[in-house]
Amino acid sequence: MPTERGGAPDRREVKTGLAVTAGLLAVAFVLSLVNLLPAGLAGGWQRSQADGYTAFWPQGWSFFAAPPRDGVLVAYRATPSGPGPSLTLPLGSATYAGGLDRAGYTRLLELQLVAARIPASAWHACGAAGQDACAAATPAGRPPVRNDVRTPSLCGPVVFVARRAATVLRLATVEVVCG
């Protein structure tokens with residue numbers, strides 16, 4: 001606030017403004033930490049407050065932090081001994097410029113489009129901790145699946161794995177036909 005003299009605020013006004021701002025930030029910080037406490041320590045009012053937040057954030061934090069219900073889809077090159085090198089990279093990898101390059105999203109979309117064409121009979125439920133154990137239990141045949149994208153990157157023998165954390169939910173070995 002300018003003073004009556006029309007110049008810059010004096011030291012006292014600056015100190016007061018700084019103290020008020022620091023106090024408000026400290027209160028906001030402490031209140032946000034209360035949400036991290038176990039329900040028994042914070043009291044019942046915490047649950048009622050959380051219900052009010054759903055009016056502003058109806059999707060909840062699981063939208064940002066939880067894995068999808070159906071698992072994460074990953075593709076591997078099929079080899080005679082089972083799944084080989086991964087054909088999918090994290091979107092934040094250096095290959096995709098930390099997520100700024102749209103090629104990663106294009107590849108992910110291609111992966112999902114091809115996986116949607118895999119017949120239900122080709123998917124095999126698993127539940128093991130690694131795809132190698134699941135691949136050993138799958139039949140030897142590879143049904144053909146068409147990849148009609150303009151510039152395909154998934155062609156030939158491919159193992160599709162749906163996983164949640166370290167657990168393989170289901171697995172399909174197919175022959176992806178491009179062209």
# chains A, B, ... in the order shown; residues from 1 in each chain; ligands from 1
>>> residues_around(residues="A:Val72", least_positions_apart="3", cutoff="12 Å", atoms="only C-alpha atoms", output="list of chain:residue names")
A:Ala66, A:Pro67, A:Pro68, A:Arg69, A:Ala75, A:Thr88, A:Pro90, A:Leu108, A:Leu111, A:Gln112, A:Ala115, A:Phe160, A:Val161, A:Ala162, A:Arg163, A:Arg164, A:Ala165, A:Ala166, A:Thr167, A:Val168, A:Leu169, A:Arg170, A:Leu171
>>> write_last_selection(atoms="N, CA, C and O atoms", output="compact mmCIF listing (two decimals), in the first residue's frame")
# COMPACT_ATOMS: atom_id res chain seq x y z
N ALA A 66 -4.48 -44.07 -9.10
CA ALA A 66 -4.74 -45.51 -9.04
C ALA A 66 -4.57 -46.16 -10.41
O ALA A 66 -4.85 -45.55 -11.44
N PRO A 67 -4.11 -47.39 -10.45
CA PRO A 67 -4.02 -48.09 -11.72
C PRO A 67 -5.41 -48.42 -12.24
O PRO A 67 -6.35 -48.54 -11.46
N PRO A 68 -5.57 -48.56 -13.54
CA PRO A 68 -6.88 -48.89 -14.07
C PRO A 68 -7.35 -50.26 -13.59
O PRO A 68 -6.55 -51.12 -13.26
N ARG A 69 -8.67 -50.46 -13.55
CA ARG A 69 -9.24 -51.73 -13.08
C ARG A 69 -8.83 -52.90 -13.96
O ARG A 69 -8.64 -54.00 -13.49
N ALA A 75 3.02 -54.59 -24.45
CA ALA A 75 3.28 -55.52 -25.56
C ALA A 75 4.75 -55.92 -25.55
O ALA A 75 5.64 -55.10 -25.28
N THR A 88 6.66 -51.56 -25.70
CA THR A 88 6.06 -50.34 -25.16
C THR A 88 7.02 -49.69 -24.19
O THR A 88 7.69 -50.35 -23.42
N PRO A 90 7.47 -46.29 -21.35
CA PRO A 90 6.71 -45.31 -20.58
C PRO A 90 6.61 -43.99 -21.35
O PRO A 90 7.54 -43.59 -22.05
N LEU A 108 0.70 -45.88 -28.02
CA LEU A 108 -0.23 -46.40 -27.02
C LEU A 108 -1.62 -46.60 -27.62
O LEU A 108 -2.27 -47.62 -27.37
N LEU A 111 -1.52 -49.67 -29.78
CA LEU A 111 -1.53 -50.85 -28.91
C LEU A 111 -2.95 -51.18 -28.46
O LEU A 111 -3.38 -52.34 -28.51
N GLN A 112 -3.70 -50.18 -28.05
CA GLN A 112 -5.06 -50.40 -27.60
C GLN A 112 -5.99 -50.80 -28.73
O GLN A 112 -6.87 -51.65 -28.55
N ALA A 115 -5.17 -54.45 -29.54
CA ALA A 115 -5.61 -55.31 -28.44
C ALA A 115 -7.13 -55.48 -28.45
O ALA A 115 -7.64 -56.55 -28.09
N PHE A 160 0.64 -59.74 -25.85
CA PHE A 160 -0.05 -58.67 -25.14
C PHE A 160 -0.26 -59.12 -23.70
O PHE A 160 -0.78 -60.22 -23.47
N VAL A 161 0.11 -58.27 -22.76
CA VAL A 161 0.00 -58.60 -21.34
C VAL A 161 -0.77 -57.48 -20.64
O VAL A 161 -0.40 -56.31 -20.74
N ALA A 162 -1.85 -57.86 -19.95
CA ALA A 162 -2.57 -56.92 -19.09
C ALA A 162 -2.13 -57.23 -17.67
O ALA A 162 -2.29 -58.35 -17.20
N ARG A 163 -1.55 -56.23 -17.01
CA ARG A 163 -1.01 -56.46 -15.67
C ARG A 163 -1.43 -55.36 -14.73
O ARG A 163 -1.68 -54.24 -15.14
N ARG A 164 -1.48 -55.69 -13.45
CA ARG A 164 -1.70 -54.73 -12.39
C ARG A 164 -0.56 -54.93 -11.41
O ARG A 164 -0.44 -55.99 -10.83
N ALA A 165 0.26 -53.92 -11.28
CA ALA A 165 1.49 -53.99 -10.49
C ALA A 165 2.34 -55.13 -11.03
O ALA A 165 2.64 -55.16 -12.22
N ALA A 166 2.74 -56.10 -10.21
CA ALA A 166 3.59 -57.20 -10.68
C ALA A 166 2.78 -58.41 -11.12
O ALA A 166 3.33 -59.37 -11.64
N THR A 167 1.47 -58.37 -10.97
CA THR A 167 0.63 -59.53 -11.29
C THR A 167 0.11 -59.44 -12.72
O THR A 167 -0.44 -58.43 -13.14
N VAL A 168 0.28 -60.52 -13.47
CA VAL A 168 -0.24 -60.60 -14.83
C VAL A 168 -1.70 -61.04 -14.73
O VAL A 168 -2.00 -62.11 -14.20
N LEU A 169 -2.61 -60.20 -15.23
CA LEU A 169 -4.04 -60.52 -15.18
C LEU A 169 -4.42 -61.46 -16.31
O LEU A 169 -5.13 -62.44 -16.11
N ARG A 170 -3.98 -61.11 -17.53
CA ARG A 170 -4.27 -61.95 -18.69
C ARG A 170 -3.21 -61.73 -19.75
O ARG A 170 -2.51 -60.72 -19.73
N LEU A 171 -3.13 -62.69 -20.67
CA LEU A 171 -2.05 -62.67 -21.66
C LEU A 171 -2.58 -63.25 -22.97
O LEU A 171 -3.38 -64.19 -22.96
>>> select_by_dssp(residues="stretch 100-144 of chain A", states="helix (DSSP H, G or I)", output="list of chain:residue names")
A:Ala103, A:Gly104, A:Tyr105, A:Thr106, A:Arg107, A:Leu108, A:Leu109, A:Glu110, A:Leu111, A:Gln112, A:Leu113, A:Val114, A:Ala115, A:Ala116, A:Ala120, A:Ser121, A:Ala122, A:Gln131, A:Asp132, A:Ala133, A:Cys134, A:Ala135, A:Ala136
>>> residues_around(residues="A:Thr106", least_positions_apart="2", cutoff="12 Å", atoms="only C-alpha atoms", output="list in words")
Thr88, Leu89, Leu91, Tyr96, Gly99, Asp101, Arg102, Ala103, Gly104, Leu108, Leu109, Glu110, Leu111, Gln112, Leu113, Val149, Arg150, Thr151, Pro152, Ser153 and Leu154 of chain A
>>> write_last_selection(atoms="C-alpha atoms", output="CSV table (one decimal), in the first residue's frame")
chain,number,residue,atom,x,y,z
A,88,THR,CA,6.1,-50.3,-25.2
A,89,LEU,CA,7.9,-47.6,-23.4
A,91,LEU,CA,5.3,-42.1,-22.0
A,96,TYR,CA,9.4,-39.6,-26.1
A,99,GLY,CA,6.2,-37.1,-22.6
A,101,ASP,CA,6.7,-36.1,-28.1
A,102,ARG,CA,3.2,-37.3,-29.3
A,103,ALA,CA,4.7,-40.5,-30.8
A,104,GLY,CA,4.3,-42.2,-27.4
A,108,LEU,CA,-0.2,-46.4,-27.0
A,109,LEU,CA,-3.4,-45.8,-29.1
A,110,GLU,CA,-2.1,-48.3,-31.7
A,111,LEU,CA,-1.5,-50.8,-28.9
A,112,GLN,CA,-5.1,-50.4,-27.6
A,113,LEU,CA,-6.6,-50.6,-31.1
A,149,VAL,CA,-3.0,-48.0,-38.7
A,150,ARG,CA,-1.4,-45.8,-41.3
A,151,THR,CA,2.2,-46.3,-40.1
A,152,PRO,CA,2.2,-49.5,-38.0
A,153,SER,CA,4.8,-50.2,-35.4
A,154,LEU,CA,3.3,-53.4,-34.0
>>> closest_residue(among="A:Ser81, A:Asp148, A:Leu18, A:Leu73", to="A:Ala133", atoms="only C-alpha atoms")
A:Ser81
>>> atom_distance(atom1="atom CA of A:Ala78", atom2="atom CA of A:Glu175")
9.0 Å
>>> select_by_dssp(residues="stretch 74-140 of chain A", states="strand (DSSP E or B)", output="PyMOL selection string")
chain A and resi 74-79+82-86+124-125
>>> residues_around(residues="A:Cys134", least_positions_apart="4", cutoff="9 Å", atoms="only C-alpha atoms", output="PyMOL selection string")
chain A and resi 124-130+138+168+170-171
